[in-house]
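Asks: Here it is, the structure in full.
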Amino acid sequence: MNAPLSHPPKTEDAAPDLTGVTPFMAQYLTAKASQPDAILFFRMGDFYELFFKDAEVVAAAIGLTLTKRGKHLGEDIAMCGMPHHAAEGYIARLIRQGFKVAICEQMEDPAEAKKRGSKAIVRRDIVRVVTPGTLTEDSLLDARNANRLAAVAVRRGRAAVAVVELSAGAVDCVACEIGDLGSTLAAFRPSEVLVTDKLFSDPELKGALDGSGGVVQALASAIAEPAAAGTRVARLYGVASLDGFGTFEEAEVSALGLIAAYLETTQAGKVPALSPPRRSGDAGFLAIDPATRLSLEIDRTQRGEREGSLLASIDRTVTSGGARALAERIARPLRNPVEINHGLDAVEWLLERRSLRRDLRDGLKASADVARAVSRLALGRGGPRDLAGIRSGLTIAEGIAGLFTVSPDPLTGPPARIAGCLDRLTLSPEVARLMLDLAEGLIEEPPHLARDGGFVKPGFRPELDASRALRDDSRRVVADLEARAVAESGVPFKIKHNAVLGYFLETTAKHAEPLFRAGPESPFIHRQTLAAQVRFTTVELSELDAKISQAGHRALAMEGETFEHWRQTVQALAMPLQAVADALAELDATAALAEWAEEVGAERPVVDDSKVFAVEAGRHPVVEAAVKRAGDPFTPNDCKLDGDGVGCARLSIVTGPNMAGKSTFLRQNALLVVLAQGGCFVPAKSMRLGVVDRLFSRVGAGDDLARGRSTFMMEMVETAAILTQATDRSFVVLDEIGRGTATYDGLAIAWACAEALHDVNRARTLFATHYHELATLEERLDHVCNLSMKAKEWNGELVFLHEAAPGAADRSYGVQVAKLAGVPPAVVSRARSVLDRLESEKAAQGRLDDLPLFAVAEPPPPPMKSAIDEAVAALDPDALTPREALEALYRLKGLTK
Ligand SMILES: Nc1ncnc2c1ncn2[C@@H]1O[C@H](COP(=O)(O)OP(=O)(O)OP(=O)(O)O)[C@@H](O)[C@H]1O
């Protein structure tokens with residue numbers, strides 16, 4: 001079955017018809033009706049059971065066995081299920097396929113229910129709805145990727161995107177123009193996007209929502225009404241009004257309101273620990289739309305894998321938090337040169353301090369994922385192991401802060417960004433107390449769950465030690481009792497324990513015989529007879545049993561209290577703890593960038609307010625690594641553009657044979673923009689970059705049949721987006737635009753696009769094409785230059801030099817490339833002769849450039865004057881008598897014959 005990539009608005013919200021159904025079925029149907037679009041996991045004892053359609057869908061989606069259980073309204077009830085301890089794995093698979101899962105738990109012990117009457121059923125409630133954007137469990141999350149829930153709202157012609165990363169408590173809010181929703185949303189890579197049902201079906205937003213990559217959920221439009229939304233958000237944060245967080249646009253409040261409402265339902269009222277919404281105008285970031293992200297393979301390849309992307313090739317982080325911080329930097333590069341330079345200062349500072357960097361990275365390696373541990377504990381889903389993670393993070397934070405105070409040159413303090421991190425690493429007294437408490441009270445390697453106890457260190461709580469001692473001593477007494485019972489009775493007893501009988505003495509039926517004959521004076525009291533075994537107790541043993549179980553319960557309750565106390569402390573300190581986690585993540589990301597820069601010989605770019613783009617000996621980080629792995633050298637290339645057209649061209653037409661490296665050259669320069677504005681060093685000898693506001697990359701589009709658009713249509717839609725959005729501060733990379741249609745149509749479109757980018761948008765542009773005719777634009781337009789990727793023929797073989805040099809390519813060498821690719825010799829030789837023929841015909845027709853199509857930009861030639869024109873021009877109406885005028889009219893009439 002197909003994954004539900006979007007969840008349309010709920011159509012029926014009606015209460016279920018419960019006439020004539022059993023109480024159990026009524027309970028199920030009511031729970032299901034409250035979450036109709038989620039798969040309901042219904043807890044029954046040690047199992048989760050799924051019924052009806054849910055069972056059928058899930059059995060098909062993840063291969064569970066479908067069975068039947070009873071009847072409902074005369075029909076068999078389809079059912080499937082799984083043991084509760086195995087559920088997480090199944091939930092993970094369903095979420096990955098785009099489903100939502102509602103967990104309905106038993107809220108009381110079956111014994112409690114029995115007290116209400118023999119027919120009473122166990123109370124059950126939905127405790128959580130698991131959705132792609134609201135995961136917090138390590139087993140369901142990818143450690144190195146942030147998992148985000150986004151919401152989109154539009155009000156009064158303005159749009160906003162609100163984003164929450166529940167597993168780390170971060171909240172972002174960006175107001176933007178409606179046309180920029182696509183790039184704003186894609187920058188966050190949300191797993192799930194909330195919209196109102198009105199926007200869900202708005203064709204104008206379809207591209208932005210589809211391009212986000214997340215599952216789209218439609219919520220009722222009323223939820224996004226600003227007043228209701230504001231109240232909900234304030235409730236989520238436990239504040240009276242949002243004023244304390246700053247001033248928000250209406251669309252922002254609506255978007256935040258959608259998130260607040262969704263968290264209320266999916267977390268079943270549990271309040272997550274969230275930082276106040278971080279507002280950032282989209283003007284602060286380099287806008288990269290979804291098509292550009294895909295084409296440049298910034299954090300995912302076109303196949304959707306991290307491996308092979310720009311991010312994977314530069315990622316040298318040692319913690320999962322650091323990996324997420326780096327991903328964010330690359331996904332949302334900045335636009336303000338001052339801020340960008342702050343980031344570069346930090347990388348440079350750590351690049352120059354190799355031993356400090358090594359110690360820092362060594363220290364960080366052992367750190368657990370503090371951010372996610374805090375968030376899980378705040379939501380009541382964490383366990384003692386999360387507390388240990390926080391303890392290790394805090395201990396490491398202290399150690400790392402210490403490293404910087406003994407930095408090799410105390411005179412030059414760290415740059416602002418690093419100093420900011422160090423400030424955040426300074427623990428407040430409350431946080432320091434928590435760390436101490438956990439160091440003293442929590443064992444070294446605690447269990448995952450608090451349920452079974454055993455994680456509080458001996459000596460931490462005397463009353464806990466006393467209960468444990470009683471429990472353990474009594475267990476020793478039980479062992480002694482076994483020996484005594486055997487000695488006194490001569491029966492080979494074994495003392496055993498189970499949940500129903502507690503402790504008992506067990507022996508075989510044969511050995512039990514004399515005990516039955518002993519009569520009422522016997523100290524051994526019969527409890528149970530099985531096929532081969534008989535079980536007894538004694539007064540002493542049952543007293544001991546009660547004592548042990550009481551002490552055990554007390555110990556467990558005390559550990560539970562201790563855990564709850566720690567959990568609440570973590571919840572109350574969530575903000576400062578997240579600040580420590582953020583600082584560790586940023587230090588890791590910065591050190592990793594310095595490490596990578598050293599490894600690959602990357603240099604610091606000069607980023608300023610100009611419109612210059614000047615790269616000397618630039619390299620493509622991913623292709624270089626691939627080429628080098630294959631044992632070949634990578635050829636660095638220069639590239640110079642200037643938006644103002646001063647000193648060099650604004651637009652370069654890049655030609656060259658197939659396989660010569662045009663796409664690599666184009667993408668490499670676009671990626672250098674991403675890296676530089678992400679505050680990273682760049683693989684180049686030098687780079688000067690006047691900040692870019694929008695980056696566009698279009699590489700001969702692939703089919704998007706799923707969206708019902710042909711290759712060419714896709715390409716034109718994307719090209720239209722560039723032509724309407726690119727500014728004189730943008731950077732555009734166009735590769736083989738117009739190739740998906742008939743030659744002349746394609747050439748005409750490519751030509752017109754190049755002209756528009758040059759004259760109207762005035763964006764810095766690299767324009768790769770196989771239409772060599774475009775090379776003539778260099779002569780026609782003021783700020784165009786030709787570049788070509790060099791290749792030469794050597795003994796009849798084609799050799800690619802991968803070198804970008806001034807000038808246009810003379811030919812395409814397509815036939816030679818076909819030969820290299822192994823096209824059969826007969827076909828190659830036939831292609832060569834067809835090519836010769838076509839080329840000679842074209843030469844005879846004259847240059848394509850001479851076609852009227854390409855003359856439109858020229859001033860039109862003065863029109864030829866007709867005889868009528870000349871006769872009319874010769875007339876002087878004022879000098880004519882009426883009769884002469886009539887004669888002139890007859891003459892003119894005669895000329896039209
Ligand atoms: N600068 C370079 N140095 C070394 N090898 C390179 C370089 N640029 C490209 N290559 C190699 O050449 C291959 C082809 O490059 P690319 O896809 O960029 O060519 P192209 O000109 O765009 O080809 P086509 O026109 O057929 O799409 C790359 O996969 C890479 O292996």
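Here, A, B, ... name the chains of the structure tokens in the order displayed, residue numbers run from 1 inside each chain, and ligands are numbered from 1 in the same displayed order.
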Just list the residues in range 778-826 of chain A DSSP gives strand (DSSP E) on the backbone, as number ranges by chain.
Replies: A: 784-794, 797-806
Asks: Residues within 6 Å of ligand 1 (only C-alpha atoms and all ligand atoms), as a list in words?
Replies: Val627, Pro633, Phe634, Thr635, Pro636, Asn658, Met659, Ala660, Gly661, Lys662, Ser663, Thr664 and His802 of chain A
Asks: Those selected residues, please, written with N, CA and C atoms and delivered as a compact mmCIF listing (two decimals), in the first residue's frame.
Replies:
# COMPACT_ATOMS: atom_id res chain seq x y z
N VAL A 627 36.91 11.73 -7.24
CA VAL A 627 37.93 11.61 -8.28
C VAL A 627 39.24 11.11 -7.65
N PRO A 633 43.67 13.03 -10.48
CA PRO A 633 43.76 14.37 -9.88
C PRO A 633 42.50 15.17 -10.19
N PHE A 634 42.19 16.14 -9.35
CA PHE A 634 41.07 17.04 -9.62
C PHE A 634 41.65 18.37 -10.12
N THR A 635 41.08 18.89 -11.19
CA THR A 635 41.61 20.15 -11.74
C THR A 635 40.89 21.34 -11.12
N PRO A 636 41.60 22.19 -10.37
CA PRO A 636 40.95 23.37 -9.80
C PRO A 636 40.65 24.38 -10.90
N ASN A 658 30.52 17.17 -23.93
CA ASN A 658 29.90 16.38 -22.87
C ASN A 658 31.02 15.77 -22.04
N MET A 659 30.77 15.64 -20.76
CA MET A 659 31.72 14.99 -19.84
C MET A 659 32.95 15.85 -19.56
N ALA A 660 32.96 17.10 -20.04
CA ALA A 660 34.17 17.89 -19.85
C ALA A 660 34.23 18.53 -18.48
N GLY A 661 33.12 18.50 -17.74
CA GLY A 661 33.13 19.05 -16.39
C GLY A 661 32.33 20.33 -16.23
N LYS A 662 31.38 20.59 -17.14
CA LYS A 662 30.59 21.83 -17.03
C LYS A 662 29.74 21.82 -15.76
N SER A 663 28.99 20.73 -15.58
CA SER A 663 28.09 20.68 -14.41
C SER A 663 28.90 20.77 -13.13
N THR A 664 30.02 20.09 -13.11
CA THR A 664 30.84 20.11 -11.90
C THR A 664 31.29 21.54 -11.60
N HIS A 802 39.25 19.19 -18.12
CA HIS A 802 38.45 19.74 -17.01
C HIS A 802 38.88 21.14 -16.62
Asks: Just the residues within 12 Å of Leu263 in chain A, please, counting only C-alpha atoms, with nothing from its chain fewer than 6 positions along; format it as a ChimeraX atom specification.
Replies: /A:128-131,133-135,149-151,164-166,194,232-233,235-237,256-257,269-274,379
Asks: Restricting it to N, CA and C atoms, dump the selection as a PDB file, in the first residue's frame.
Replies:
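Output file part32.pdb is given in full below:
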ATOM      1  N   ARG A 128      -0.635   9.224  23.738  1.00  0.00           N
ATOM      2  CA  ARG A 128       0.257   9.926  22.835  1.00  0.00           C
ATOM      3  C   ARG A 128      -0.082   9.552  21.399  1.00  0.00           C
ATOM      4  N   VAL A 129       0.111  10.508  20.502  1.00  0.00           N
ATOM      5  CA  VAL A 129       0.019  10.176  19.081  1.00  0.00           C
ATOM      6  C   VAL A 129       1.421  10.367  18.511  1.00  0.00           C
ATOM      7  N   VAL A 130       1.982   9.301  17.986  1.00  0.00           N
ATOM      8  CA  VAL A 130       3.336   9.383  17.444  1.00  0.00           C
ATOM      9  C   VAL A 130       3.231   9.800  15.978  1.00  0.00           C
ATOM     10  N   THR A 131       3.884  10.895  15.635  1.00  0.00           N
ATOM     11  CA  THR A 131       3.835  11.377  14.256  1.00  0.00           C
ATOM     12  C   THR A 131       5.265  11.657  13.807  1.00  0.00           C
ATOM     13  N   GLY A 133       6.855  14.203  12.918  1.00  0.00           N
ATOM     14  CA  GLY A 133       7.521  15.412  13.397  1.00  0.00           C
ATOM     15  C   GLY A 133       7.605  15.532  14.907  1.00  0.00           C
ATOM     16  N   THR A 134       7.051  14.557  15.654  1.00  0.00           N
ATOM     17  CA  THR A 134       7.030  14.714  17.111  1.00  0.00           C
ATOM     18  C   THR A 134       7.749  13.578  17.832  1.00  0.00           C
ATOM     19  N   LEU A 135       8.712  12.966  17.177  1.00  0.00           N
ATOM     20  CA  LEU A 135       9.417  11.843  17.797  1.00  0.00           C
ATOM     21  C   LEU A 135      10.434  12.353  18.812  1.00  0.00           C
ATOM     22  N   LEU A 149       9.054  19.561  13.239  1.00  0.00           N
ATOM     23  CA  LEU A 149       7.644  19.728  12.899  1.00  0.00           C
ATOM     24  C   LEU A 149       7.474  21.194  12.505  1.00  0.00           C
ATOM     25  N   ALA A 150       6.906  21.439  11.324  1.00  0.00           N
ATOM     26  CA  ALA A 150       6.740  22.826  10.880  1.00  0.00           C
ATOM     27  C   ALA A 150       5.264  23.131  10.731  1.00  0.00           C
ATOM     28  N   ALA A 151       4.936  24.404  10.767  1.00  0.00           N
ATOM     29  CA  ALA A 151       3.565  24.832  10.484  1.00  0.00           C
ATOM     30  C   ALA A 151       3.636  26.054   9.585  1.00  0.00           C
ATOM     31  N   VAL A 164       9.285  23.496  15.192  1.00  0.00           N
ATOM     32  CA  VAL A 164       9.732  23.028  16.511  1.00  0.00           C
ATOM     33  C   VAL A 164      10.540  21.753  16.341  1.00  0.00           C
ATOM     34  N   GLU A 165      11.643  21.705  17.077  1.00  0.00           N
ATOM     35  CA  GLU A 165      12.422  20.468  17.112  1.00  0.00           C
ATOM     36  C   GLU A 165      12.177  19.907  18.501  1.00  0.00           C
ATOM     37  N   LEU A 166      11.163  19.070  18.596  1.00  0.00           N
ATOM     38  CA  LEU A 166      10.688  18.618  19.901  1.00  0.00           C
ATOM     39  C   LEU A 166      11.779  17.880  20.676  1.00  0.00           C
ATOM     40  N   LEU A 194       2.347  21.202   9.175  1.00  0.00           N
ATOM     41  CA  LEU A 194       0.948  21.458   9.493  1.00  0.00           C
ATOM     42  C   LEU A 194       0.460  22.656   8.691  1.00  0.00           C
ATOM     43  N   ARG A 232      -3.388  29.691  22.844  1.00  0.00           N
ATOM     44  CA  ARG A 232      -2.837  28.333  22.895  1.00  0.00           C
ATOM     45  C   ARG A 232      -1.321  28.339  23.076  1.00  0.00           C
ATOM     46  N   VAL A 233      -0.668  29.239  22.348  1.00  0.00           N
ATOM     47  CA  VAL A 233       0.796  29.290  22.443  1.00  0.00           C
ATOM     48  C   VAL A 233       1.196  29.735  23.841  1.00  0.00           C
ATOM     49  N   ARG A 235      -0.433  29.254  26.516  1.00  0.00           N
ATOM     50  CA  ARG A 235      -0.666  28.118  27.413  1.00  0.00           C
ATOM     51  C   ARG A 235       0.475  27.107  27.319  1.00  0.00           C
ATOM     52  N   LEU A 236       0.938  26.892  26.102  1.00  0.00           N
ATOM     53  CA  LEU A 236       2.045  25.939  25.910  1.00  0.00           C
ATOM     54  C   LEU A 236       3.280  26.367  26.697  1.00  0.00           C
ATOM     55  N   TYR A 237       3.517  27.683  26.711  1.00  0.00           N
ATOM     56  CA  TYR A 237       4.693  28.189  27.415  1.00  0.00           C
ATOM     57  C   TYR A 237       4.412  28.514  28.881  1.00  0.00           C
ATOM     58  N   LEU A 256       2.455  29.369  14.937  1.00  0.00           N
ATOM     59  CA  LEU A 256       2.808  28.844  16.266  1.00  0.00           C
ATOM     60  C   LEU A 256       1.588  28.188  16.913  1.00  0.00           C
ATOM     61  N   GLY A 257       0.413  28.774  16.657  1.00  0.00           N
ATOM     62  CA  GLY A 257      -0.828  28.224  17.222  1.00  0.00           C
ATOM     63  C   GLY A 257      -1.108  26.827  16.684  1.00  0.00           C
ATOM     64  N   GLY A 269      -1.505  16.286  26.313  1.00  0.00           N
ATOM     65  CA  GLY A 269      -1.461  17.220  27.436  1.00  0.00           C
ATOM     66  C   GLY A 269      -0.106  17.357  28.108  1.00  0.00           C
ATOM     67  N   LYS A 270       0.873  16.477  27.782  1.00  0.00           N
ATOM     68  CA  LYS A 270       2.204  16.616  28.417  1.00  0.00           C
ATOM     69  C   LYS A 270       2.879  17.840  27.823  1.00  0.00           C
ATOM     70  N   VAL A 271       3.510  18.648  28.680  1.00  0.00           N
ATOM     71  CA  VAL A 271       4.078  19.898  28.169  1.00  0.00           C
ATOM     72  C   VAL A 271       5.571  19.733  27.908  1.00  0.00           C
ATOM     73  N   PRO A 272       5.975  19.880  26.661  1.00  0.00           N
ATOM     74  CA  PRO A 272       7.406  19.742  26.376  1.00  0.00           C
ATOM     75  C   PRO A 272       8.188  20.963  26.870  1.00  0.00           C
ATOM     76  N   ALA A 273       9.499  20.765  27.067  1.00  0.00           N
ATOM     77  CA  ALA A 273      10.348  21.892  27.468  1.00  0.00           C
ATOM     78  C   ALA A 273      10.804  22.602  26.209  1.00  0.00           C
ATOM     79  N   LEU A 274      10.243  23.762  25.937  1.00  0.00           N
ATOM     80  CA  LEU A 274      10.563  24.470  24.690  1.00  0.00           C
ATOM     81  C   LEU A 274      11.230  25.801  24.984  1.00  0.00           C
ATOM     82  N   LEU A 379       9.230  15.384  28.821  1.00  0.00           N
ATOM     83  CA  LEU A 379       7.966  14.841  28.329  1.00  0.00           C
ATOM     84  C   LEU A 379       7.546  13.575  29.081  1.00  0.00           C
TER      85      LEU A 379
END
Asks: Taking only C-alpha atoms into account, which of A:Leu310, A:Met716, A:Ala234, A:Ala283 comes nearest Arg694 in chain A?
Replies: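 Of all the options, A:Ala283 lies closest to Arg694 in chain A.
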Asks: Write down as a short mmCIF file (atom, residue, chain, number, x, y, z; two decimals) with N, CA and C atoms, in the first residue's frame the residues of range 585-763 of chain A whose backbone DSSP state falls under alpha helix (DSSP H).
Replies:
data_model
loop_
_atom_site.label_atom_id
_atom_site.label_comp_id
_atom_site.auth_asym_id
_atom_site.auth_seq_id
_atom_site.Cartn_x
_atom_site.Cartn_y
_atom_site.Cartn_z
N ALA A 585 27.37 21.63 21.04
CA ALA A 585 27.13 21.32 19.63
C ALA A 585 27.84 22.34 18.74
N GLU A 586 27.76 23.61 19.10
CA GLU A 586 28.39 24.63 18.26
C GLU A 586 29.91 24.50 18.27
N LEU A 587 30.46 24.20 19.45
CA LEU A 587 31.92 24.02 19.51
C LEU A 587 32.34 22.83 18.65
N ASP A 588 31.54 21.77 18.71
CA ASP A 588 31.86 20.58 17.92
C ASP A 588 31.82 20.91 16.42
N ALA A 589 30.76 21.61 16.00
CA ALA A 589 30.62 21.94 14.57
C ALA A 589 31.77 22.84 14.12
N THR A 590 32.13 23.82 14.95
CA THR A 590 33.20 24.76 14.57
C THR A 590 34.55 24.03 14.48
N ALA A 591 34.82 23.20 15.50
CA ALA A 591 36.09 22.46 15.49
C ALA A 591 36.13 21.50 14.30
N ALA A 592 34.99 20.94 13.97
CA ALA A 592 34.93 20.00 12.84
C ALA A 592 35.22 20.73 11.52
N LEU A 593 34.72 21.95 11.40
CA LEU A 593 34.99 22.71 10.17
C LEU A 593 36.46 23.07 10.07
N ALA A 594 37.07 23.36 11.23
CA ALA A 594 38.51 23.67 11.23
C ALA A 594 39.29 22.41 10.83
N GLU A 595 38.84 21.28 11.37
CA GLU A 595 39.50 20.00 11.09
C GLU A 595 39.44 19.70 9.58
N TRP A 596 38.24 19.89 9.03
CA TRP A 596 38.05 19.61 7.59
C TRP A 596 38.89 20.57 6.76
N ALA A 597 38.90 21.85 7.17
CA ALA A 597 39.65 22.86 6.41
C ALA A 597 41.13 22.47 6.37
N GLU A 598 41.63 21.99 7.50
CA GLU A 598 43.05 21.60 7.54
C GLU A 598 43.28 20.38 6.64
N GLU A 599 42.37 19.44 6.74
CA GLU A 599 42.51 18.20 5.98
C GLU A 599 42.53 18.43 4.47
N VAL A 600 41.61 19.27 3.97
CA VAL A 600 41.49 19.43 2.52
C VAL A 600 42.16 20.71 2.01
N PRO A 621 33.93 19.98 -3.52
CA PRO A 621 34.31 19.12 -2.40
C PRO A 621 33.93 17.65 -2.58
N VAL A 622 32.78 17.40 -3.20
CA VAL A 622 32.34 16.00 -3.30
C VAL A 622 33.01 15.31 -4.49
N VAL A 623 32.99 15.99 -5.66
CA VAL A 623 33.59 15.36 -6.86
C VAL A 623 35.10 15.18 -6.64
N GLU A 624 35.74 16.16 -5.99
CA GLU A 624 37.18 16.03 -5.75
C GLU A 624 37.47 14.75 -4.96
N ALA A 625 36.69 14.54 -3.90
CA ALA A 625 36.93 13.35 -3.08
C ALA A 625 36.72 12.09 -3.91
N ALA A 626 35.67 12.09 -4.76
CA ALA A 626 35.37 10.90 -5.57
C ALA A 626 36.48 10.66 -6.60
N VAL A 627 36.91 11.73 -7.24
CA VAL A 627 37.93 11.61 -8.28
C VAL A 627 39.24 11.11 -7.65
N LYS A 628 39.54 11.66 -6.47
CA LYS A 628 40.79 11.26 -5.81
C LYS A 628 40.74 9.80 -5.34
N ARG A 629 39.55 9.37 -4.90
CA ARG A 629 39.41 7.97 -4.49
C ARG A 629 39.73 7.05 -5.66
N LYS A 662 31.38 20.59 -17.14
CA LYS A 662 30.59 21.83 -17.03
C LYS A 662 29.74 21.82 -15.76
N SER A 663 28.99 20.73 -15.58
CA SER A 663 28.09 20.68 -14.41
C SER A 663 28.90 20.77 -13.13
N THR A 664 30.02 20.09 -13.11
CA THR A 664 30.84 20.11 -11.90
C THR A 664 31.29 21.54 -11.60
N PHE A 665 31.72 22.24 -12.66
CA PHE A 665 32.19 23.61 -12.51
C PHE A 665 31.07 24.51 -11.97
N LEU A 666 29.88 24.36 -12.55
CA LEU A 666 28.75 25.21 -12.14
C LEU A 666 28.38 24.94 -10.69
N ARG A 667 28.21 23.67 -10.37
CA ARG A 667 27.77 23.32 -9.02
C ARG A 667 28.82 23.69 -7.99
N GLN A 668 30.08 23.50 -8.37
CA GLN A 668 31.17 23.79 -7.44
C GLN A 668 31.09 25.25 -7.00
N ASN A 669 30.84 26.15 -7.94
CA ASN A 669 30.81 27.57 -7.59
C ASN A 669 29.59 27.89 -6.73
N ALA A 670 28.47 27.23 -7.03
CA ALA A 670 27.27 27.46 -6.19
C ALA A 670 27.53 26.92 -4.78
N LEU A 671 28.19 25.76 -4.68
CA LEU A 671 28.47 25.19 -3.36
C LEU A 671 29.44 26.05 -2.56
N LEU A 672 30.35 26.72 -3.26
CA LEU A 672 31.27 27.60 -2.55
C LEU A 672 30.49 28.75 -1.91
N VAL A 673 29.42 29.20 -2.57
CA VAL A 673 28.58 30.24 -1.98
C VAL A 673 27.94 29.71 -0.69
N VAL A 674 27.39 28.50 -0.77
CA VAL A 674 26.75 27.89 0.41
C VAL A 674 27.75 27.78 1.55
N LEU A 675 28.94 27.27 1.24
CA LEU A 675 29.94 27.07 2.29
C LEU A 675 30.35 28.42 2.89
N ALA A 676 30.67 29.38 2.03
CA ALA A 676 31.17 30.67 2.53
C ALA A 676 30.12 31.33 3.41
N GLN A 677 28.87 31.34 2.96
CA GLN A 677 27.83 32.01 3.76
C GLN A 677 27.40 31.16 4.95
N THR A 711 9.31 16.53 -18.25
CA THR A 711 10.64 17.07 -18.02
C THR A 711 10.69 18.54 -18.41
N PHE A 712 10.19 18.81 -19.58
CA PHE A 712 10.31 20.16 -20.10
C PHE A 712 9.45 21.14 -19.28
N MET A 713 8.26 20.67 -18.93
CA MET A 713 7.36 21.53 -18.14
C MET A 713 8.03 21.87 -16.80
N MET A 714 8.62 20.87 -16.17
CA MET A 714 9.32 21.07 -14.89
C MET A 714 10.39 22.14 -15.05
N GLU A 715 11.16 21.96 -16.10
CA GLU A 715 12.28 22.86 -16.33
C GLU A 715 11.78 24.30 -16.51
N MET A 716 10.68 24.43 -17.22
CA MET A 716 10.15 25.78 -17.47
C MET A 716 9.56 26.39 -16.20
N VAL A 717 8.89 25.54 -15.38
CA VAL A 717 8.34 26.05 -14.11
C VAL A 717 9.49 26.59 -13.25
N GLU A 718 10.58 25.81 -13.20
CA GLU A 718 11.71 26.21 -12.37
C GLU A 718 12.41 27.45 -12.94
N THR A 719 12.48 27.50 -14.27
CA THR A 719 13.11 28.66 -14.90
C THR A 719 12.28 29.91 -14.63
N ALA A 720 10.97 29.75 -14.69
CA ALA A 720 10.08 30.89 -14.42
C ALA A 720 10.35 31.41 -13.01
N ALA A 721 10.53 30.49 -12.07
CA ALA A 721 10.77 30.91 -10.68
C ALA A 721 12.04 31.75 -10.59
N ILE A 722 13.05 31.37 -11.32
CA ILE A 722 14.31 32.14 -11.27
C ILE A 722 14.10 33.52 -11.86
N LEU A 723 13.47 33.55 -13.03
CA LEU A 723 13.33 34.84 -13.71
C LEU A 723 12.45 35.81 -12.92
N THR A 724 11.53 35.27 -12.12
CA THR A 724 10.69 36.20 -11.36
C THR A 724 11.32 36.54 -10.01
N GLN A 725 12.24 35.72 -9.51
CA GLN A 725 12.74 35.97 -8.15
C GLN A 725 14.17 36.46 -8.05
N THR A 743 15.13 21.62 -31.08
CA THR A 743 16.37 22.40 -31.01
C THR A 743 16.12 23.91 -31.02
N TYR A 744 15.34 24.38 -32.02
CA TYR A 744 15.18 25.83 -32.14
C TYR A 744 14.40 26.41 -30.97
N ASP A 745 13.35 25.68 -30.54
CA ASP A 745 12.60 26.16 -29.37
C ASP A 745 13.54 26.29 -28.18
N GLY A 746 14.33 25.24 -27.96
CA GLY A 746 15.24 25.21 -26.81
C GLY A 746 16.25 26.33 -26.89
N LEU A 747 16.82 26.49 -28.06
CA LEU A 747 17.82 27.54 -28.26
C LEU A 747 17.20 28.91 -28.02
N ALA A 748 15.99 29.09 -28.55
CA ALA A 748 15.32 30.39 -28.41
C ALA A 748 15.07 30.68 -26.93
N ILE A 749 14.61 29.65 -26.19
CA ILE A 749 14.32 29.88 -24.77
C ILE A 749 15.61 30.18 -24.00
N ALA A 750 16.65 29.38 -24.29
CA ALA A 750 17.92 29.60 -23.59
C ALA A 750 18.43 31.01 -23.86
N TRP A 751 18.32 31.42 -25.10
CA TRP A 751 18.80 32.74 -25.49
C TRP A 751 18.06 33.85 -24.73
N ALA A 752 16.73 33.74 -24.75
CA ALA A 752 15.91 34.77 -24.10
C ALA A 752 16.16 34.79 -22.59
N CYS A 753 16.35 33.60 -21.99
CA CYS A 753 16.61 33.55 -20.55
C CYS A 753 17.93 34.23 -20.22
N ALA A 754 18.95 33.92 -21.02
CA ALA A 754 20.26 34.52 -20.76
C ALA A 754 20.16 36.04 -20.85
N GLU A 755 19.45 36.52 -21.86
CA GLU A 755 19.29 37.97 -22.02
C GLU A 755 18.59 38.58 -20.82
N ALA A 756 17.50 37.91 -20.38
CA ALA A 756 16.73 38.46 -19.25
C ALA A 756 17.58 38.48 -17.98
#
Asks: Might you pull out every residue within 8 Å of Leu442 in chain A, with only C-alpha atoms counted and same-chain residues fewer than 5 positions away left off, and present them as a list in words?
Replies: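 Neighbouring residues, sequence-local ones excluded: Pro384, Ala388, Asp437, Phe455, Val456 and Lys457 of chain A.
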Asks: Find the spatial neighbours of Glu225 in chain A, counting only C-alpha atoms, within a cut-off of 12 Å - ignore same-chain residues fewer than 6 positions away - and output them as number ranges by chain.
Replies: A: 153-155, 196, 219, 231-233, 250-258, 261
Asks: Write out as a list in words each polymer residue whose atoms come within 12 Å of Ile126 in chain A, counting only C-alpha atoms; drop sequence neighbours fewer than 5 positions from it.
Replies: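 Here the qualifying residues turn out to be Gln27, Tyr28, Thr30, Ala31, Lys32, Ala33, Ser34, Gln35, Ala38, Ile39, Leu40, Phe41, Phe42, Arg43, Val101, Ala102, Ile103, Cys104, Glu105, Gln106, Met107, Thr265, Thr266, Gln267, Ala268 and Gly269 of chain A.
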Asks: Just the residues within 10 Å of Arg381 in chain A, please, counting only C-alpha atoms, with nothing from its chain fewer than 4 positions along; format it as a list in words.
Replies: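 Within the cut-off, the hits are Thr136, Glu137, Ala373, Val374, Ser375, Arg376, Leu377, Asp386 and Leu449 of chain A.
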Asks: From the options A:Thr765, A:Leu577, A:Gly601, A:Asp693, which residue's atoms come nearest to Cys639 in chain A, counting only C-alpha atoms?
Replies: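 Among the listed residues, the smallest separation from Cys639 in chain A belongs to A:Thr765.
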